[in-house]
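Following: one structure in structure tokens, then a few remarks.
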Amino acid sequence: MNSTNDTFIRAELISFARDPGDGDKPEPGSLEHYGDGLLWLKGQHIHAIGHFAELSPSLPKGADVLNYRDKLIMPGFIDTHVHYVQLDIMASYGRQLLDWLNDYTFPEECRFADHAHAETLSNAFLDEMLRAGTTTAQVFGSSHPGAMDAFFNACQKRRLRMLAGKVLMDRNAPDALLDGATGIADSERLIEDWHGNGRLGYSLTPRFAPTSTKKQMDAAGALLRNDPTLWLQTHLAENSGELDWVADLFPGSRDYLAVYEEAGLVGPRSTFAHGIHLDNGMRKRLADRGANIAFALALIFSWAAAYLTEKRPNRPAWHLPLPAISAQVPTYRASERLKQRTKWAS
Ligand SMILES: [Zn+2]
């Protein structure tokens, strides 16, 4: 019989003690593995973890040990780039980024002006994340501040560690999604309410350079300078059409990354999604500032699938690695949801 506070689980365990480094194999001491391990919880916190043979003598007499010896238990996955507001359109067919935005993303995000819809999708998104084993993420919302309140509330109820932000977007999108002069003030209000509230953090979220004016990006940079505990997330160099568009919109900037540098958005708490078309100069500048790139494998699979189904006589034989990442699981589930919706609509 255990005290009501204690839980003992016997299973194969993996734990991460520190940064595994950049090599092919984790640095010694960074990955802890217990083939026959014991996880000892007191309330909702880990009290001890180790080899069953070593820890078991210290268990209270008559401890009731849950047996999961045929299972692997490990810390939750972390998704560094995901849009909760795109749950219902994930895995939709899109030839190019800009088609994807116009055909799917923007119409879908307009629905998040409705608070009840934002609440429903926040809960569905978090349920899918948890079902896939993802317990922490950096999350884009829509441009509606209320949709972020709904999301943060849903996270708070589950006591999750999440970074998230309202999309800043004051041009080149449907009027219903543009935040204009209120975007920065709404972000400040959300920061006040949610940043550091429980396990939540705020990530400033200009969607990407084409949909924010220089003025809006500069204002986001000022917020970052004023509070070094904030994070920043945006997109960078996902496809070549986007690169051309940025060059047209910002003729005075030497390249795409410079647009963000000039606004003060590039630093160790900044995450740039995709970063596919970067030259070595941009890669080095990102590394020098300690900034981060988030690769979205699910998205690459979706577009690669579209690419591979096109008839091309000289198509190169691609080998796509398929690591077991959690992000794929919600993608496939969302694809099913989409199919169902399409069925209902037809
Ligand atoms: Zn994205």
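Starting from 1 in every chain, residues are counted up; chains themselves are A, B, ... following the order of the structure tokens, and ligands are numbered from 1 as listed.
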Near ligand 1, 10 Å: chain A residue rows, closest pairs, only C-alpha atoms and all ligand atoms, as JSON lines:
{"residue": "A:His81", "atom": "CA", "partner": "ligand 1", "partner_atom_place_in_ligand_line": "1 (Zn)", "distance": 6.4}
{"residue": "A:Val82", "atom": "CA", "partner": "ligand 1", "partner_atom_place_in_ligand_line": "1 (Zn)", "distance": 6.1}
{"residue": "A:His83", "atom": "CA", "partner": "ligand 1", "partner_atom_place_in_ligand_line": "1 (Zn)", "distance": 6.3}
{"residue": "A:Gln86", "atom": "CA", "partner": "ligand 1", "partner_atom_place_in_ligand_line": "1 (Zn)", "distance": 9.3}
{"residue": "A:Leu97", "atom": "CA", "partner": "ligand 1", "partner_atom_place_in_ligand_line": "1 (Zn)", "distance": 9.9}
{"residue": "A:Val139", "atom": "CA", "partner": "ligand 1", "partner_atom_place_in_ligand_line": "1 (Zn)", "distance": 9.0}
{"residue": "A:Phe140", "atom": "CA", "partner": "ligand 1", "partner_atom_place_in_ligand_line": "1 (Zn)", "distance": 7.4}
{"residue": "A:Arg207", "atom": "CA", "partner": "ligand 1", "partner_atom_place_in_ligand_line": "1 (Zn)", "distance": 8.0}
{"residue": "A:Phe208", "atom": "CA", "partner": "ligand 1", "partner_atom_place_in_ligand_line": "1 (Zn)", "distance": 9.2}
{"residue": "A:Gln233", "atom": "CA", "partner": "ligand 1", "partner_atom_place_in_ligand_line": "1 (Zn)", "distance": 9.3}
{"residue": "A:Thr234", "atom": "CA", "partner": "ligand 1", "partner_atom_place_in_ligand_line": "1 (Zn)", "distance": 7.6}
{"residue": "A:His235", "atom": "CA", "partner": "ligand 1", "partner_atom_place_in_ligand_line": "1 (Zn)", "distance": 6.3}
{"residue": "A:Leu236", "atom": "CA", "partner": "ligand 1", "partner_atom_place_in_ligand_line": "1 (Zn)", "distance": 9.4}
{"residue": "A:Glu238", "atom": "CA", "partner": "ligand 1", "partner_atom_place_in_ligand_line": "1 (Zn)", "distance": 9.3}
{"residue": "A:Phe272", "atom": "CA", "partner": "ligand 1", "partner_atom_place_in_ligand_line": "1 (Zn)", "distance": 9.1}
{"residue": "A:Ala273", "atom": "CA", "partner": "ligand 1", "partner_atom_place_in_ligand_line": "1 (Zn)", "distance": 6.1}
{"residue": "A:His274", "atom": "CA", "partner": "ligand 1", "partner_atom_place_in_ligand_line": "1 (Zn)", "distance": 7.8}
{"residue": "A:Ala294", "atom": "CA", "partner": "ligand 1", "partner_atom_place_in_ligand_line": "1 (Zn)", "distance": 9.3}
{"residue": "A:Phe295", "atom": "CA", "partner": "ligand 1", "partner_atom_place_in_ligand_line": "1 (Zn)", "distance": 9.5}
{"residue": "A:Ala296", "atom": "CA", "partner": "ligand 1", "partner_atom_place_in_ligand_line": "1 (Zn)", "distance": 7.7}
{"residue": "A:Leu299", "atom": "CA", "partner": "ligand 1", "partner_atom_place_in_ligand_line": "1 (Zn)", "distance": 8.7}
Those in segment 17-265 of chain A with helix (DSSP H, G or I) from DSSP, as a PDB file with C-alpha atoms, in the first residue's frame:
ATOM      1  CA  PHE A  52      15.247  -0.752 -10.185  1.00  0.00           C
ATOM      2  CA  ALA A  53      17.837  -2.940  -8.477  1.00  0.00           C
ATOM      3  CA  GLU A  54      19.535   0.105  -6.920  1.00  0.00           C
ATOM      4  CA  LEU A  55      16.436   2.069  -5.925  1.00  0.00           C
ATOM      5  CA  SER A  56      14.093  -0.673  -4.832  1.00  0.00           C
ATOM      6  CA  PRO A  57      15.723  -1.241  -1.394  1.00  0.00           C
ATOM      7  CA  SER A  58      14.786   2.333  -0.457  1.00  0.00           C
ATOM      8  CA  TYR A  84      -2.644  25.558 -33.298  1.00  0.00           C
ATOM      9  CA  VAL A  85      -5.030  27.435 -35.576  1.00  0.00           C
ATOM     10  CA  GLN A  86      -4.109  25.149 -38.480  1.00  0.00           C
ATOM     11  CA  LEU A  87      -5.202  21.917 -36.810  1.00  0.00           C
ATOM     12  CA  ASP A  88      -8.090  21.419 -39.207  1.00  0.00           C
ATOM     13  CA  ILE A  89      -6.077  22.088 -42.368  1.00  0.00           C
ATOM     14  CA  LEU A  97       3.660  28.395 -49.548  1.00  0.00           C
ATOM     15  CA  LEU A  98       1.729  31.323 -50.957  1.00  0.00           C
ATOM     16  CA  ASP A  99      -1.032  29.054 -52.363  1.00  0.00           C
ATOM     17  CA  TRP A 100      -1.209  27.357 -48.997  1.00  0.00           C
ATOM     18  CA  LEU A 101      -1.689  30.689 -47.224  1.00  0.00           C
ATOM     19  CA  ASN A 102      -4.348  31.989 -49.597  1.00  0.00           C
ATOM     20  CA  ASP A 103      -6.256  28.742 -50.178  1.00  0.00           C
ATOM     21  CA  TYR A 104      -6.246  27.252 -46.698  1.00  0.00           C
ATOM     22  CA  THR A 105      -4.541  29.206 -43.940  1.00  0.00           C
ATOM     23  CA  PHE A 106      -6.083  32.641 -44.170  1.00  0.00           C
ATOM     24  CA  PRO A 107      -9.707  31.439 -44.596  1.00  0.00           C
ATOM     25  CA  GLU A 108      -9.220  29.023 -41.699  1.00  0.00           C
ATOM     26  CA  GLU A 109      -7.653  31.631 -39.408  1.00  0.00           C
ATOM     27  CA  CYS A 110     -10.577  34.016 -40.000  1.00  0.00           C
ATOM     28  CA  ARG A 111     -12.724  31.562 -38.006  1.00  0.00           C
ATOM     29  CA  PHE A 112     -10.711  32.325 -34.852  1.00  0.00           C
ATOM     30  CA  ALA A 113     -12.437  35.672 -34.372  1.00  0.00           C
ATOM     31  CA  HIS A 115     -14.079  32.760 -29.221  1.00  0.00           C
ATOM     32  CA  ALA A 116     -16.068  29.537 -28.964  1.00  0.00           C
ATOM     33  CA  HIS A 117     -14.299  28.174 -32.050  1.00  0.00           C
ATOM     34  CA  ALA A 118     -10.905  29.164 -30.599  1.00  0.00           C
ATOM     35  CA  GLU A 119     -11.749  27.362 -27.352  1.00  0.00           C
ATOM     36  CA  THR A 120     -12.872  24.210 -29.147  1.00  0.00           C
ATOM     37  CA  LEU A 121      -9.785  24.088 -31.357  1.00  0.00           C
ATOM     38  CA  SER A 122      -7.415  24.893 -28.454  1.00  0.00           C
ATOM     39  CA  ASN A 123      -8.730  21.894 -26.560  1.00  0.00           C
ATOM     40  CA  ALA A 124      -8.680  19.622 -29.622  1.00  0.00           C
ATOM     41  CA  PHE A 125      -5.135  20.704 -30.482  1.00  0.00           C
ATOM     42  CA  LEU A 126      -3.807  20.079 -26.974  1.00  0.00           C
ATOM     43  CA  ASP A 127      -5.554  16.705 -26.809  1.00  0.00           C
ATOM     44  CA  GLU A 128      -3.868  15.696 -30.075  1.00  0.00           C
ATOM     45  CA  MET A 129      -0.483  16.960 -28.905  1.00  0.00           C
ATOM     46  CA  LEU A 130      -0.691  15.039 -25.657  1.00  0.00           C
ATOM     47  CA  ARG A 131      -1.932  11.919 -27.397  1.00  0.00           C
ATOM     48  CA  PRO A 145      -5.917  38.256 -29.220  1.00  0.00           C
ATOM     49  CA  GLY A 146      -8.995  36.421 -27.901  1.00  0.00           C
ATOM     50  CA  ALA A 147      -7.842  33.252 -29.657  1.00  0.00           C
ATOM     51  CA  MET A 148      -4.644  33.417 -27.584  1.00  0.00           C
ATOM     52  CA  ASP A 149      -6.582  33.869 -24.361  1.00  0.00           C
ATOM     53  CA  ALA A 150      -8.508  30.729 -25.283  1.00  0.00           C
ATOM     54  CA  PHE A 151      -5.303  28.836 -26.004  1.00  0.00           C
ATOM     55  CA  PHE A 152      -3.420  29.956 -22.894  1.00  0.00           C
ATOM     56  CA  ASN A 153      -6.457  29.152 -20.747  1.00  0.00           C
ATOM     57  CA  ALA A 154      -6.635  25.639 -22.201  1.00  0.00           C
ATOM     58  CA  CYS A 155      -2.885  25.177 -21.503  1.00  0.00           C
ATOM     59  CA  GLN A 156      -3.295  26.484 -17.978  1.00  0.00           C
ATOM     60  CA  LYS A 157      -6.047  23.967 -17.234  1.00  0.00           C
ATOM     61  CA  ASP A 175      -8.711  42.576 -43.941  1.00  0.00           C
ATOM     62  CA  ALA A 176     -10.348  40.320 -41.354  1.00  0.00           C
ATOM     63  CA  LEU A 177      -6.907  39.128 -40.251  1.00  0.00           C
ATOM     64  CA  THR A 182      -3.671  47.439 -32.360  1.00  0.00           C
ATOM     65  CA  GLY A 183      -1.331  44.476 -32.953  1.00  0.00           C
ATOM     66  CA  ILE A 184       1.440  45.647 -30.671  1.00  0.00           C
ATOM     67  CA  ALA A 185      -0.897  46.893 -27.925  1.00  0.00           C
ATOM     68  CA  ASP A 186      -2.751  43.553 -28.001  1.00  0.00           C
ATOM     69  CA  SER A 187       0.566  41.715 -27.719  1.00  0.00           C
ATOM     70  CA  GLU A 188       1.550  43.849 -24.728  1.00  0.00           C
ATOM     71  CA  ARG A 189      -1.736  43.022 -23.017  1.00  0.00           C
ATOM     72  CA  LEU A 190      -1.253  39.305 -23.665  1.00  0.00           C
ATOM     73  CA  ILE A 191       2.314  39.484 -22.325  1.00  0.00           C
ATOM     74  CA  GLU A 192       1.023  41.160 -19.186  1.00  0.00           C
ATOM     75  CA  ASP A 193      -1.636  38.492 -18.683  1.00  0.00           C
ATOM     76  CA  TRP A 194       0.225  35.344 -19.698  1.00  0.00           C
ATOM     77  CA  ALA A 209       8.344  39.743 -43.162  1.00  0.00           C
ATOM     78  CA  PRO A 210       5.841  40.021 -46.059  1.00  0.00           C
ATOM     79  CA  THR A 211       2.837  40.406 -43.747  1.00  0.00           C
ATOM     80  CA  LYS A 214       8.778  47.664 -41.020  1.00  0.00           C
ATOM     81  CA  LYS A 215       7.039  49.765 -38.392  1.00  0.00           C
ATOM     82  CA  GLN A 216       5.362  46.729 -36.839  1.00  0.00           C
ATOM     83  CA  MET A 217       8.560  44.664 -36.839  1.00  0.00           C
ATOM     84  CA  ASP A 218      10.522  47.540 -35.280  1.00  0.00           C
ATOM     85  CA  ALA A 219       7.887  47.779 -32.531  1.00  0.00           C
ATOM     86  CA  ALA A 220       8.179  44.032 -31.890  1.00  0.00           C
ATOM     87  CA  GLY A 221      11.970  44.479 -31.685  1.00  0.00           C
ATOM     88  CA  ALA A 222      11.491  47.241 -29.104  1.00  0.00           C
ATOM     89  CA  LEU A 223       9.361  44.926 -26.950  1.00  0.00           C
ATOM     90  CA  LEU A 224      12.102  42.290 -27.115  1.00  0.00           C
ATOM     91  CA  ARG A 225      14.766  44.794 -26.097  1.00  0.00           C
ATOM     92  CA  ASN A 226      12.652  45.983 -23.171  1.00  0.00           C
ATOM     93  CA  SER A 240      12.022  30.815 -53.410  1.00  0.00           C
ATOM     94  CA  GLY A 241       8.824  32.766 -54.251  1.00  0.00           C
ATOM     95  CA  GLU A 242       8.850  34.097 -50.714  1.00  0.00           C
ATOM     96  CA  LEU A 243      12.494  35.190 -51.063  1.00  0.00           C
ATOM     97  CA  ASP A 244      11.657  37.177 -54.205  1.00  0.00           C
ATOM     98  CA  TRP A 245       8.691  38.778 -52.472  1.00  0.00           C
ATOM     99  CA  VAL A 246      10.803  39.867 -49.492  1.00  0.00           C
ATOM    100  CA  ALA A 247      13.457  41.286 -51.837  1.00  0.00           C
ATOM    101  CA  ASP A 248      10.718  43.371 -53.554  1.00  0.00           C
ATOM    102  CA  LEU A 249       9.235  44.569 -50.279  1.00  0.00           C
ATOM    103  CA  TYR A 256      15.928  38.139 -45.995  1.00  0.00           C
ATOM    104  CA  LEU A 257      17.640  37.679 -42.634  1.00  0.00           C
ATOM    105  CA  ALA A 258      18.811  41.302 -42.655  1.00  0.00           C
ATOM    106  CA  VAL A 259      15.157  42.411 -42.580  1.00  0.00           C
ATOM    107  CA  TYR A 260      14.806  40.724 -39.192  1.00  0.00           C
ATOM    108  CA  GLU A 261      18.254  41.845 -37.995  1.00  0.00           C
ATOM    109  CA  GLU A 262      17.452  45.473 -38.749  1.00  0.00           C
TER     110      GLU A 262
END
For this session: Would you list the contacts of Arg285 of chain A as a VMD selection string, taking every protein, DNA or RNA residue within 12 Å and counting only C-alpha atoms, but skipping same-chain residues closer than 3 positions in sequence?
Result: chain A and resid 255 to 258 260 to 261 266 to 268 278 to 282 288 to 292
With N, CA and C atoms kept, could you save the residues just selected as a PDB file, in the first residue's frame?
ATOM      1  N   ASP A 255      19.580  40.970 -47.532  1.00  0.00           N
ATOM      2  CA  ASP A 255      18.948  39.662 -47.747  1.00  0.00           C
ATOM      3  C   ASP A 255      17.786  39.519 -46.767  1.00  0.00           C
ATOM      4  N   TYR A 256      17.136  38.360 -46.808  1.00  0.00           N
ATOM      5  CA  TYR A 256      15.928  38.139 -45.995  1.00  0.00           C
ATOM      6  C   TYR A 256      16.249  38.281 -44.504  1.00  0.00           C
ATOM      7  N   LEU A 257      17.312  37.632 -44.058  1.00  0.00           N
ATOM      8  CA  LEU A 257      17.640  37.679 -42.634  1.00  0.00           C
ATOM      9  C   LEU A 257      17.907  39.107 -42.157  1.00  0.00           C
ATOM     10  N   ALA A 258      18.491  39.921 -43.046  1.00  0.00           N
ATOM     11  CA  ALA A 258      18.811  41.302 -42.655  1.00  0.00           C
ATOM     12  C   ALA A 258      17.551  42.082 -42.280  1.00  0.00           C
ATOM     13  N   TYR A 260      15.054  41.007 -40.614  1.00  0.00           N
ATOM     14  CA  TYR A 260      14.806  40.724 -39.192  1.00  0.00           C
ATOM     15  C   TYR A 260      15.911  41.317 -38.309  1.00  0.00           C
ATOM     16  N   GLU A 261      17.144  41.263 -38.782  1.00  0.00           N
ATOM     17  CA  GLU A 261      18.254  41.845 -37.995  1.00  0.00           C
ATOM     18  C   GLU A 261      18.028  43.337 -37.775  1.00  0.00           C
ATOM     19  N   VAL A 266      16.657  39.216 -34.066  1.00  0.00           N
ATOM     20  CA  VAL A 266      17.507  38.019 -34.148  1.00  0.00           C
ATOM     21  C   VAL A 266      18.369  37.901 -32.887  1.00  0.00           C
ATOM     22  N   GLY A 267      18.090  36.887 -32.096  1.00  0.00           N
ATOM     23  CA  GLY A 267      18.850  36.699 -30.859  1.00  0.00           C
ATOM     24  C   GLY A 267      18.686  35.282 -30.346  1.00  0.00           C
ATOM     25  N   PRO A 268      19.265  34.985 -29.194  1.00  0.00           N
ATOM     26  CA  PRO A 268      19.247  33.609 -28.694  1.00  0.00           C
ATOM     27  C   PRO A 268      17.861  33.092 -28.324  1.00  0.00           C
ATOM     28  N   LEU A 278      18.823  29.270 -47.191  1.00  0.00           N
ATOM     29  CA  LEU A 278      19.769  30.178 -46.544  1.00  0.00           C
ATOM     30  C   LEU A 278      21.151  29.951 -47.139  1.00  0.00           C
ATOM     31  N   ASP A 279      21.873  31.042 -47.391  1.00  0.00           N
ATOM     32  CA  ASP A 279      23.258  30.835 -47.826  1.00  0.00           C
ATOM     33  C   ASP A 279      24.147  30.747 -46.576  1.00  0.00           C
ATOM     34  N   ASN A 280      25.426  30.460 -46.800  1.00  0.00           N
ATOM     35  CA  ASN A 280      26.315  30.262 -45.654  1.00  0.00           C
ATOM     36  C   ASN A 280      26.461  31.525 -44.812  1.00  0.00           C
ATOM     37  N   GLY A 281      26.374  32.680 -45.481  1.00  0.00           N
ATOM     38  CA  GLY A 281      26.487  33.938 -44.749  1.00  0.00           C
ATOM     39  C   GLY A 281      25.348  34.086 -43.746  1.00  0.00           C
ATOM     40  N   MET A 282      24.129  33.803 -44.186  1.00  0.00           N
ATOM     41  CA  MET A 282      22.975  33.919 -43.275  1.00  0.00           C
ATOM     42  C   MET A 282      23.075  32.871 -42.162  1.00  0.00           C
ATOM     43  N   ASP A 288      26.097  33.071 -35.081  1.00  0.00           N
ATOM     44  CA  ASP A 288      26.829  34.052 -34.262  1.00  0.00           C
ATOM     45  C   ASP A 288      25.935  34.683 -33.201  1.00  0.00           C
ATOM     46  N   ARG A 289      24.658  34.828 -33.543  1.00  0.00           N
ATOM     47  CA  ARG A 289      23.728  35.441 -32.572  1.00  0.00           C
ATOM     48  C   ARG A 289      23.034  34.405 -31.704  1.00  0.00           C
ATOM     49  N   GLY A 290      23.368  33.151 -31.917  1.00  0.00           N
ATOM     50  CA  GLY A 290      22.759  32.091 -31.093  1.00  0.00           C
ATOM     51  C   GLY A 290      21.289  31.871 -31.413  1.00  0.00           C
ATOM     52  N   ALA A 291      20.843  32.307 -32.618  1.00  0.00           N
ATOM     53  CA  ALA A 291      19.428  32.157 -32.986  1.00  0.00           C
ATOM     54  C   ALA A 291      19.161  30.725 -33.468  1.00  0.00           C
ATOM     55  N   ASN A 292      17.888  30.356 -33.518  1.00  0.00           N
ATOM     56  CA  ASN A 292      17.500  28.954 -33.750  1.00  0.00           C
ATOM     57  C   ASN A 292      16.665  28.796 -35.020  1.00  0.00           C
TER      58      ASN A 292
END
For this session: Using only C-alpha atoms, pick whichever of A:Gly180, A:Gly165, A:Gly264, A:Pro20 has the shortest atom-to-atom distance to Leu200 of chain A.
Result: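 Under the stated criterion, the closest residue is A:Gly165.
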Problem set entry | Exercise: Gly76 of chain A partners within 9 Å, only C-alpha atoms, chain neighbours under 4 positions left out, as a list of chain:residue names | A:Leu130, A:Gly133, A:Thr134, A:Thr135, A:Thr136
Exercise. When distances are computed from only C-alpha atoms, which of A:Leu31, A:Leu66, A:Ile49, A:Ile78 shows the smallest separation from Arg10 of chain A?
Worked result: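 Closest candidate: A:Leu66.
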Exercise. What separation in Å, quoted to one decimal, exists between atom CA of Phe16 of chain A and atom CA of Glu32 of chain A?
Worked result: 6.0 Å
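If you look at atom CA of His47 of chain A and atom CA of Thr4 of chain A, they are 14.3 Å away from each other.
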